[in-house]
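Below: work_29.txt (compact mmCIF, C-alpha atoms)
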# COMPACT_ATOMS: atom_id res chain seq x y z
CA MET A 7 273.20 -7.98 52.06
CA LYS A 8 274.80 -5.03 50.30
CA LEU A 9 277.04 -5.97 47.44
CA PHE A 10 279.52 -3.69 45.71
CA GLY A 11 282.26 -4.03 43.17
CA ARG A 12 284.95 -3.39 45.77
CA LYS A 13 287.95 -1.25 44.93
CA SER A 14 291.19 -0.53 46.68
CA ALA A 15 291.25 2.60 48.79
CA PRO A 16 293.29 4.75 46.36
CA ASP A 17 291.00 3.93 43.41
CA ALA A 18 287.82 4.43 45.43
CA ALA A 19 289.00 7.80 46.72
CA ARG A 20 289.06 9.55 43.37
CA PRO A 21 286.58 9.57 40.47
CA VAL A 22 287.23 8.48 36.91
CA LEU A 23 286.95 11.64 34.81
CA SER A 24 288.14 11.23 31.24
CA ARG A 25 290.38 8.18 31.32
CA TYR A 26 288.51 6.75 28.35
CA GLY A 27 288.25 9.93 26.26
CA VAL A 28 289.65 10.22 22.74
CA ALA A 29 292.13 12.88 23.75
CA ALA A 30 293.18 10.84 26.77
CA MET A 31 294.06 7.90 24.54
CA THR A 32 296.23 10.09 22.32
CA GLY A 33 298.03 11.58 25.31
CA ASP A 34 296.93 15.14 24.52
CA TRP A 35 294.47 15.49 27.41
CA PRO A 36 295.65 16.39 30.95
CA ARG A 37 295.02 13.83 33.67
CA GLY A 38 294.11 15.94 36.71
CA TYR A 39 290.65 17.46 37.03
CA GLU A 40 291.92 21.01 37.60
CA ALA A 41 294.11 20.82 34.50
CA GLN A 42 291.20 19.36 32.52
CA VAL A 43 288.93 22.21 33.60
CA ARG A 44 291.54 24.77 32.56
CA ALA A 45 291.99 23.17 29.14
CA GLY A 46 288.37 22.19 28.53
CA PHE A 47 286.40 24.95 30.25
CA VAL A 48 288.57 27.98 31.01
CA ASP A 49 290.36 27.98 27.63
CA ASN A 50 287.48 26.87 25.41
CA ALA A 51 284.72 29.34 24.60
CA ILE A 52 282.24 26.72 23.33
CA ALA A 53 282.47 24.48 26.41
CA GLN A 54 282.35 27.42 28.78
CA ARG A 55 279.29 28.93 27.13
CA ALA A 56 277.50 25.57 26.89
CA VAL A 57 278.03 24.82 30.59
CA LYS A 58 277.03 28.32 31.64
CA LEU A 59 273.94 28.22 29.44
CA VAL A 60 272.65 25.08 31.17
CA ALA A 61 273.88 25.92 34.69
CA GLU A 62 272.59 29.50 34.69
CA SER A 63 269.21 28.29 33.42
CA VAL A 64 269.05 25.82 36.32
CA GLY A 65 269.98 28.61 38.76
CA ASP A 66 267.31 30.93 37.34
CA ALA A 67 264.55 28.32 37.20
CA PRO A 68 261.48 29.35 39.24
CA LEU A 69 261.02 27.07 42.24
CA VAL A 70 258.07 25.69 44.12
CA ALA A 71 258.87 24.45 47.63
CA SER A 72 257.01 22.84 50.50
CA SER A 73 257.84 25.81 52.75
CA PRO A 74 259.13 29.39 52.33
CA GLU A 75 262.05 28.60 54.66
CA LEU A 76 263.19 25.72 52.45
CA ALA A 77 262.88 27.84 49.32
CA ALA A 78 264.92 30.62 50.93
CA LEU A 79 267.62 28.16 52.06
CA VAL A 80 268.06 26.67 48.59
CA SER A 81 267.88 30.00 46.74
CA ALA A 82 270.24 31.91 49.05
CA ARG A 83 273.84 32.69 48.13
CA SER A 84 276.52 31.22 50.39
CA GLY A 85 280.10 32.38 50.25
CA GLY A 86 279.31 34.39 47.13
CA GLN A 87 278.11 31.35 45.17
CA ALA A 88 274.65 30.60 43.82
CA LEU A 89 274.02 27.06 45.05
CA LEU A 90 271.89 25.66 42.22
CA GLU A 91 274.01 27.16 39.46
CA THR A 92 277.25 25.96 41.08
CA ALA A 93 275.91 22.45 41.67
CA ALA A 94 274.66 22.24 38.08
CA ALA A 95 278.04 23.29 36.66
CA GLN A 96 279.87 20.79 38.89
CA LEU A 97 277.57 17.96 37.82
CA LEU A 98 278.13 18.80 34.16
CA LEU A 99 281.91 19.04 34.45
CA HIS A 100 282.79 16.60 37.23
CA GLY A 101 279.68 14.46 37.53
CA ASN A 102 279.47 15.13 41.30
CA ALA A 103 278.23 17.94 43.52
CA PHE A 104 278.88 17.86 47.28
CA VAL A 105 276.64 20.19 49.29
CA GLN A 106 277.67 20.83 52.89
CA VAL A 107 274.87 21.66 55.34
CA LEU A 108 276.07 24.39 57.71
CA ASP A 109 274.49 24.66 61.17
CA ASP A 110 272.85 27.95 62.10
CA GLY A 111 273.87 27.52 65.77
CA ARG A 112 270.34 26.77 66.90
CA GLY A 113 270.05 23.22 65.60
CA GLY A 114 268.75 24.25 62.21
CA ALA A 115 270.17 24.32 58.69
CA GLY A 116 271.70 27.76 58.26
CA GLU A 117 273.40 27.56 54.86
CA LEU A 118 274.10 25.21 51.99
CA PHE A 119 277.55 25.39 50.44
CA ALA A 120 278.77 23.49 47.36
CA LEU A 121 282.26 22.09 47.95
CA ARG A 122 284.83 21.70 45.19
CA PRO A 123 284.37 18.09 44.04
CA GLU A 124 288.03 17.39 43.22
CA ARG A 125 288.90 17.97 46.89
CA VAL A 126 286.49 15.29 48.16
CA SER A 127 287.42 11.65 48.67
CA VAL A 128 285.37 8.72 49.91
CA GLU A 129 285.99 6.75 53.08
CA PRO A 130 284.21 3.42 52.43
CA ASP A 131 283.05 1.03 55.13
CA ALA A 132 283.58 -2.74 55.22
CA ASN A 133 280.75 -3.30 52.73
CA GLY A 134 281.95 -0.67 50.29
CA TRP A 135 279.33 1.97 51.11
CA PRO A 136 280.50 5.53 51.85
CA ALA A 137 280.97 5.85 55.61
CA ALA A 138 282.26 9.41 55.39
CA TYR A 139 283.62 11.98 52.97
CA ARG A 140 286.96 13.73 53.44
CA TYR A 141 287.29 17.32 52.23
CA LYS A 142 290.92 18.40 51.93
CA VAL A 143 292.05 22.03 51.63
CA GLY A 144 295.81 22.31 51.85
CA ASP A 145 296.90 20.30 54.88
CA ARG A 146 293.52 20.49 56.59
CA VAL A 147 291.10 17.56 56.21
CA THR A 148 287.47 17.77 57.32
CA ARG A 149 285.51 14.56 57.82
CA LEU A 150 281.82 14.87 56.89
CA SER A 151 279.15 12.25 57.48
CA PRO A 152 276.46 11.55 54.86
CA ASP A 153 274.38 9.40 57.24
CA GLY A 154 271.97 10.03 60.08
CA PRO A 155 268.75 12.01 60.27
CA ARG A 156 270.69 15.24 59.68
CA PRO A 157 273.65 14.52 57.36
CA GLU A 158 276.52 16.97 57.16
CA LEU A 159 276.96 16.41 53.44
CA ILE A 160 274.59 15.77 50.54
CA HIS A 161 276.16 13.98 47.58
CA LEU A 162 274.56 14.59 44.19
CA LYS A 163 275.95 12.52 41.33
CA SER A 164 275.20 11.55 37.77
CA PHE A 165 275.13 7.97 36.48
CA ASN A 166 278.52 6.29 36.18
CA PRO A 167 278.68 2.68 34.95
CA VAL A 168 282.34 2.20 35.98
CA ASP A 169 282.48 3.68 39.49
CA ASP A 170 280.62 2.82 42.68
CA HIS A 171 281.04 6.10 44.50
CA PHE A 172 281.40 8.93 41.99
CA GLY A 173 279.31 10.17 39.10
CA LEU A 174 280.55 10.72 35.56
CA GLY A 175 280.67 14.23 34.12
CA CYS A 176 280.49 15.37 30.51
CA LEU A 177 284.01 16.78 30.35
CA GLY A 178 285.55 13.42 29.51
CA ALA A 179 283.06 12.76 26.68
CA ALA A 180 283.83 16.17 25.19
CA SER A 181 287.60 15.87 25.63
CA GLY A 182 288.36 14.76 22.08
CA ALA A 183 286.28 17.53 20.48
CA ILE A 184 287.73 20.11 22.88
CA ALA A 185 291.28 19.03 22.04
CA ILE A 186 290.52 19.37 18.31
CA HIS A 187 288.85 22.76 18.81
CA ASN A 188 291.72 24.08 20.93
CA ALA A 189 294.29 22.77 18.44
CA ALA A 190 292.47 24.45 15.56
CA ALA A 191 292.41 27.76 17.43
CA MET A 192 296.13 27.47 18.22
CA TRP A 193 296.86 26.58 14.59
CA ASN A 194 295.00 29.67 13.36
CA LYS A 195 296.83 31.85 15.90
CA ALA A 196 300.18 30.41 14.82
CA LEU A 197 299.26 31.02 11.20
CA LEU A 198 298.57 34.69 11.96
CA ASP A 199 301.80 34.96 13.93
CA ASN A 200 303.65 33.69 10.86
CA ALA A 201 302.32 36.29 8.44
CA ALA A 202 299.17 34.29 7.65
CA ARG A 203 301.15 31.96 5.41
CA PRO A 204 301.62 28.20 5.65
CA SER A 205 305.09 27.02 6.55
CA GLY A 206 307.53 26.55 3.73
CA ALA A 207 311.17 26.61 2.71
CA LEU A 208 313.50 28.93 0.87
CA VAL A 209 315.27 26.84 -1.76
CA TYR A 210 318.69 28.02 -2.92
CA ASP A 211 319.52 26.90 -6.42
CA PRO A 212 322.50 28.86 -7.78
CA LYS A 213 323.55 28.54 -11.37
CA ASP A 214 327.20 27.97 -10.56
CA GLY A 215 326.54 25.26 -7.96
CA SER A 216 327.98 27.20 -5.00
CA ALA A 217 326.36 27.04 -1.53
CA LEU A 218 325.40 29.89 0.80
CA ALA A 219 328.17 31.02 3.10
CA PRO A 220 327.46 30.70 6.85
CA ALA A 221 327.29 34.47 7.22
CA GLN A 222 324.81 34.74 4.33
CA PHE A 223 322.69 31.97 5.84
CA GLU A 224 322.51 33.66 9.27
CA ARG A 225 321.71 37.05 7.70
CA LEU A 226 318.87 35.51 5.70
CA LYS A 227 317.40 33.93 8.84
CA ARG A 228 317.52 37.24 10.74
CA GLU A 229 315.84 39.11 7.87
CA LEU A 230 313.05 36.55 7.66
CA GLU A 231 312.33 36.70 11.38
CA ALA A 232 312.49 40.49 11.56
CA SER A 233 310.64 41.44 8.38
CA PHE A 234 308.28 38.60 7.48
CA SER A 235 307.11 37.01 10.76
CA GLY A 236 304.35 38.21 13.08
CA GLU A 237 300.92 39.71 12.53
CA ARG A 238 302.33 43.18 11.83
CA ASN A 239 304.12 41.82 8.77
CA ALA A 240 301.11 39.95 7.40
CA GLY A 241 300.82 40.27 3.62
CA ARG A 242 304.17 41.95 3.25
CA PRO A 243 305.84 40.98 -0.07
CA MET A 244 309.07 39.01 0.06
CA LEU A 245 311.95 40.07 -2.16
CA LEU A 246 314.16 37.11 -3.01
CA GLU A 247 317.68 37.39 -4.33
CA GLY A 248 319.06 35.39 -7.21
CA GLY A 249 318.85 31.64 -6.75
CA LEU A 250 316.19 31.76 -3.97
CA THR A 251 312.66 30.42 -4.47
CA TRP A 252 309.82 29.87 -1.97
CA GLN A 253 308.28 26.42 -1.70
CA ALA A 254 305.27 25.76 0.55
CA LEU A 255 305.57 22.57 2.62
CA SER A 256 302.38 22.27 4.66
CA MET A 257 298.80 21.80 3.52
CA THR A 258 296.62 24.88 3.26
CA PRO A 259 293.57 25.42 5.51
CA ALA A 260 291.38 24.54 2.51
CA ASP A 261 293.19 21.21 2.12
CA MET A 262 292.66 20.34 5.77
CA ASP A 263 289.14 21.77 5.77
CA PHE A 264 289.92 23.50 9.04
CA VAL A 265 286.73 25.56 9.11
CA ALA A 266 284.49 22.51 8.85
CA LEU A 267 286.65 20.56 11.30
CA LYS A 268 286.47 23.30 13.92
CA ALA A 269 282.71 23.76 13.43
CA ALA A 270 282.11 20.01 13.79
CA ALA A 271 284.18 19.94 16.99
CA ALA A 272 282.24 22.92 18.37
CA ARG A 273 278.92 21.19 17.71
CA GLU A 274 280.13 18.02 19.42
CA ILE A 275 281.22 20.02 22.48
CA ALA A 276 277.83 21.71 22.72
CA LEU A 277 275.95 18.43 22.36
CA ALA A 278 278.10 16.75 25.02
CA PHE A 279 276.90 19.30 27.58
CA GLY A 280 273.29 19.25 26.36
CA ALA A 281 273.20 22.74 24.82
CA PRO A 282 271.55 23.09 21.38
CA PRO A 283 274.27 24.38 19.00
CA MET A 284 271.92 27.00 17.58
CA LEU A 285 271.80 28.79 20.95
CA LEU A 286 275.60 29.08 20.87
CA GLY A 287 275.58 30.76 17.47
CA LEU A 288 277.22 27.83 15.68
CA PRO A 289 276.75 27.82 11.90
CA GLY A 290 275.12 25.11 9.87
CA ASP A 291 272.59 23.92 12.45
CA ALA A 292 269.23 23.19 10.82
CA THR A 293 267.99 20.83 13.53
CA TYR A 294 265.58 23.38 14.98
CA ALA A 295 263.29 25.68 13.04
CA ASN A 296 264.14 28.71 15.19
CA TYR A 297 265.61 29.86 18.46
CA ARG A 298 262.32 29.38 20.25
CA GLU A 299 262.25 25.68 19.42
CA ALA A 300 265.93 25.33 20.40
CA ASN A 301 265.29 27.09 23.71
CA ARG A 302 262.37 24.77 24.42
CA ALA A 303 264.59 21.77 23.66
CA LEU A 304 267.24 23.15 26.02
CA TRP A 305 264.75 23.23 28.88
CA ARG A 306 263.05 19.93 28.10
CA LEU A 307 266.18 17.87 27.43
CA ALA A 308 268.84 19.45 29.64
CA VAL A 309 267.68 22.01 32.21
CA LEU A 310 264.62 20.27 33.65
CA PRO A 311 266.24 16.81 34.09
CA LEU A 312 269.32 18.34 35.71
CA ALA A 313 267.29 20.67 37.94
CA GLY A 314 265.02 17.78 38.93
CA ALA A 315 268.00 15.65 39.97
CA ILE A 316 269.51 18.48 42.04
CA LEU A 317 266.28 19.56 43.71
CA GLY A 318 265.23 15.98 44.42
CA GLY A 319 268.59 15.18 46.02
CA LEU A 320 268.54 18.33 48.14
CA ALA A 321 264.96 17.67 49.30
CA GLN A 322 265.86 14.12 50.30
CA GLY A 323 268.97 15.23 52.18
CA LEU A 324 267.16 18.02 54.03
CA LYS A 325 264.28 15.92 55.39
CA GLY A 326 265.94 15.90 58.81
CA TRP A 327 265.35 19.65 59.04
CA PHE A 328 262.22 19.83 56.86
CA PRO A 329 260.22 16.56 57.27
CA ASP A 330 257.91 17.34 54.37
CA ALA A 331 260.67 18.75 52.15
CA ALA A 332 259.75 18.97 48.48
CA LEU A 333 261.42 21.02 45.74
CA ALA A 334 260.57 21.28 42.06
CA VAL A 335 260.66 23.66 39.12
CA ASP A 336 257.47 25.66 38.67
CA LEU A 337 256.71 24.81 35.04
CA ASP A 338 253.95 27.42 34.84
CA ARG A 339 256.52 30.20 35.30
CA VAL A 340 259.11 29.00 32.76
CA PRO A 341 258.86 31.36 29.74
CA ALA A 342 260.34 28.80 27.33
CA LEU A 343 257.49 26.38 28.12
CA ALA A 344 254.66 28.90 27.89
CA GLU A 345 253.40 27.54 24.56
CA ASP A 346 253.36 23.97 25.88
CA ARG A 347 251.34 25.03 28.90
CA ALA A 348 248.92 27.04 26.73
CA ALA A 349 248.36 24.02 24.48
CA LEU A 350 247.74 21.81 27.54
CA TRP A 351 245.26 24.26 29.01
CA ALA A 352 243.42 24.55 25.69
CA SER A 353 243.13 20.78 25.26
CA VAL A 354 241.97 20.27 28.85
CA THR A 355 239.45 23.09 28.59
CA ALA A 356 237.98 21.56 25.43
CA ALA A 357 237.56 18.15 27.11
CA ASP A 358 233.88 18.38 28.11
CA PHE A 359 233.86 14.82 29.45
CA LEU A 360 236.17 15.82 32.35
CA THR A 361 234.93 17.28 35.59
CA ALA A 362 236.38 20.49 37.00
CA GLU A 363 238.40 18.52 39.55
CA GLU A 364 239.79 16.22 36.84
CA LYS A 365 240.77 19.22 34.72
CA ARG A 366 242.60 20.79 37.64
CA ALA A 367 244.46 17.54 38.27
CA ALA A 368 245.37 17.25 34.57
CA VAL A 369 247.13 20.65 34.60
CA GLY A 370 248.90 19.94 37.88
CA LEU A 371 246.67 21.85 40.27
CA SER A 372 245.56 20.34 43.55
Could you write out this structure as structure tokens?
Amino acid sequence: MKLFGRKSAPDAARPVLSRYGVAAMTGDWPRGYEAQVRAGFVDNAIAQRAVKLVAESVGDAPLVASSPELAALVSARSGGQALLETAAAQLLLHGNAFVQVLDDGRGGAGELFALRPERVSVEPDANGWPAAYRYKVGDRVTRLSPDGPRPELIHLKSFNPVDDHFGLGCLGAASGAIAIHNAAAMWNKALLDNAARPSGALVYDPKDGSALAPAQFERLKRELEASFSGERNAGRPMLLEGGLTWQALSMTPADMDFVALKAAAAREIALAFGAPPMLLGLPGDATYANYREANRALWRLAVLPLAGAILGGLAQGLKGWFPDAALAVDLDRVPALAEDRAALWASVTAADFLTAEEKRAAVGLS
């Protein structure tokens, strides 16, 4: 008997993205996935570069397949998109990748196309298992079946402990750091727009106790906005008339340690998506001895597990067209892992107690 933590139809139809993120709790993080992507990916250089670094590496990984036709199907571009790179980016951001299998008109698999995950909803059966997926574009809804010997849709998802049908992406975990990083960038931009000075007040303290006339007050405001605001007026000296003094009100960047705060947020964003901070050019990272070690860690800890999950899911879903379907990354052709392979070959070669067949099996050769 299949048991599920059943949900109501509206809750089961949409995934949980970043409902539990730090920024979500403070109310500073948008709720919809498209708005989250714009704030967390489109408008944030660190998140965008980290996702692209991992996704492009997955897309460029050398493949080994059970047949040339299967390798060509997975590696081909459909609708202008690179399938593996697109699926990897969607898994990182959304936690789900939905790959539609398009018929070639002759009963075979013609193309694989990655659908936008926020447009997909689940249609569960009586036991809570997905009976179909609904893909909505505008007013048009397409119903796709994940079952049968030749499914119309292949669902790839990451682990999610709080949802039965959808995976959990990294965007929610990085939401707090992204909100801090974006706020720091906006603060720096606002500081430049205001003559690179912290906010403050002009204090009027006349000797005779008289106050500024309304006309004098309005003239002073206009002169401040015209002559001392904006990046073109940065560093321009301010000439104050009798009785006027400048008093800073806000803390300086040194007081708030903005540089360290922004750098710490950038590192947290990179780590949330599995990209070593050193490869993103972030300062203060002494975790790895050099870029070569960081690049090896990127492949071992992020690219290979993600590529393995994608290729394994595609191979399983395509067995109706390719009964012996098998897809994997060819580790012998990954430049970042060349030293690891050389060390393995040297240790196996030096093992005189192994036969030639055992040595071939130890290095992954049939």
Could you pull out every residue with an atom within 10 Å of (291.4, 24.5, 25.0), file coordinates, counting all atoms listed in the file, and send them as a compact mmCIF listing (two decimals) with C-alpha atoms, keeping the file's coordinate frame?
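Output saved as result.txt:
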# COMPACT_ATOMS: atom_id res chain seq x y z
CA TRP A 35 294.47 15.49 27.41
CA GLN A 42 291.20 19.36 32.52
CA VAL A 43 288.93 22.21 33.60
CA ARG A 44 291.54 24.77 32.56
CA ALA A 45 291.99 23.17 29.14
CA GLY A 46 288.37 22.19 28.53
CA PHE A 47 286.40 24.95 30.25
CA VAL A 48 288.57 27.98 31.01
CA ASP A 49 290.36 27.98 27.63
CA ASN A 50 287.48 26.87 25.41
CA ALA A 51 284.72 29.34 24.60
CA ILE A 52 282.24 26.72 23.33
CA ALA A 53 282.47 24.48 26.41
CA SER A 181 287.60 15.87 25.63
CA ALA A 183 286.28 17.53 20.48
CA ILE A 184 287.73 20.11 22.88
CA ALA A 185 291.28 19.03 22.04
CA ILE A 186 290.52 19.37 18.31
CA HIS A 187 288.85 22.76 18.81
CA ASN A 188 291.72 24.08 20.93
CA ALA A 189 294.29 22.77 18.44
CA ALA A 190 292.47 24.45 15.56
CA ALA A 191 292.41 27.76 17.43
CA MET A 192 296.13 27.47 18.22
**Request:** Excluding Arg366 (chain A) and any residue of its chain fewer than 4 positions from it, enumerate the residues within 12 Å of it, using only C-alpha atoms, and give them as a PyMOL selection string.
**Result:** chain A and resi 350-351+354-355+357+360-362+370-372
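The space separating CA of Val70 (chain A) from CA of Asp336 (chain A) comes to 5.5 Å.
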**Item:** Counting all atoms listed in the file, the option among A:Ala221, A:Leu288, A:Ala137, A:Cys176 closest to Ala270 (chain A)
**Value:** A:Leu288
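The space between CA of Val309 (chain A) and CA of Val335 (chain A) spans 10.0 Å.
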For Asp66 (chain A), work out the shell of residues within 12 Å, counting all atoms listed in the file and skipping chain neighbours fewer than 2 positions away, then give it as a compact mmCIF listing (two decimals) with C-alpha atoms, keeping the file's coordinate frame.
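result_11.txt was written with the following content:
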# COMPACT_ATOMS: atom_id res chain seq x y z
CA LYS A 58 277.03 28.32 31.64
CA LEU A 59 273.94 28.22 29.44
CA VAL A 60 272.65 25.08 31.17
CA ALA A 61 273.88 25.92 34.69
CA GLU A 62 272.59 29.50 34.69
CA SER A 63 269.21 28.29 33.42
CA VAL A 64 269.05 25.82 36.32
CA PRO A 68 261.48 29.35 39.24
CA LEU A 69 261.02 27.07 42.24
CA SER A 81 267.88 30.00 46.74
CA ALA A 88 274.65 30.60 43.82
CA LEU A 89 274.02 27.06 45.05
CA LEU A 90 271.89 25.66 42.22
CA GLU A 91 274.01 27.16 39.46
CA THR A 92 277.25 25.96 41.08
CA ALA A 94 274.66 22.24 38.08
CA TRP A 305 264.75 23.23 28.88
CA VAL A 309 267.68 22.01 32.21
CA LEU A 310 264.62 20.27 33.65
CA ALA A 313 267.29 20.67 37.94
CA VAL A 335 260.66 23.66 39.12
CA ASP A 336 257.47 25.66 38.67
CA ARG A 339 256.52 30.20 35.30
CA VAL A 340 259.11 29.00 32.76
CA PRO A 341 258.86 31.36 29.74
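Using all atoms listed in the file, the shortest contact distance between Lys142 (chain A) and any of A:Lys227, A:Arg302, A:Lys365, A:Arg125 is found at A:Arg125.
Nearest residue to Gln54 (chain A), choosing from A:Ala41, A:Ala356, A:Ala115, A:Leu177 and counting only C-alpha atoms: A:Leu177.
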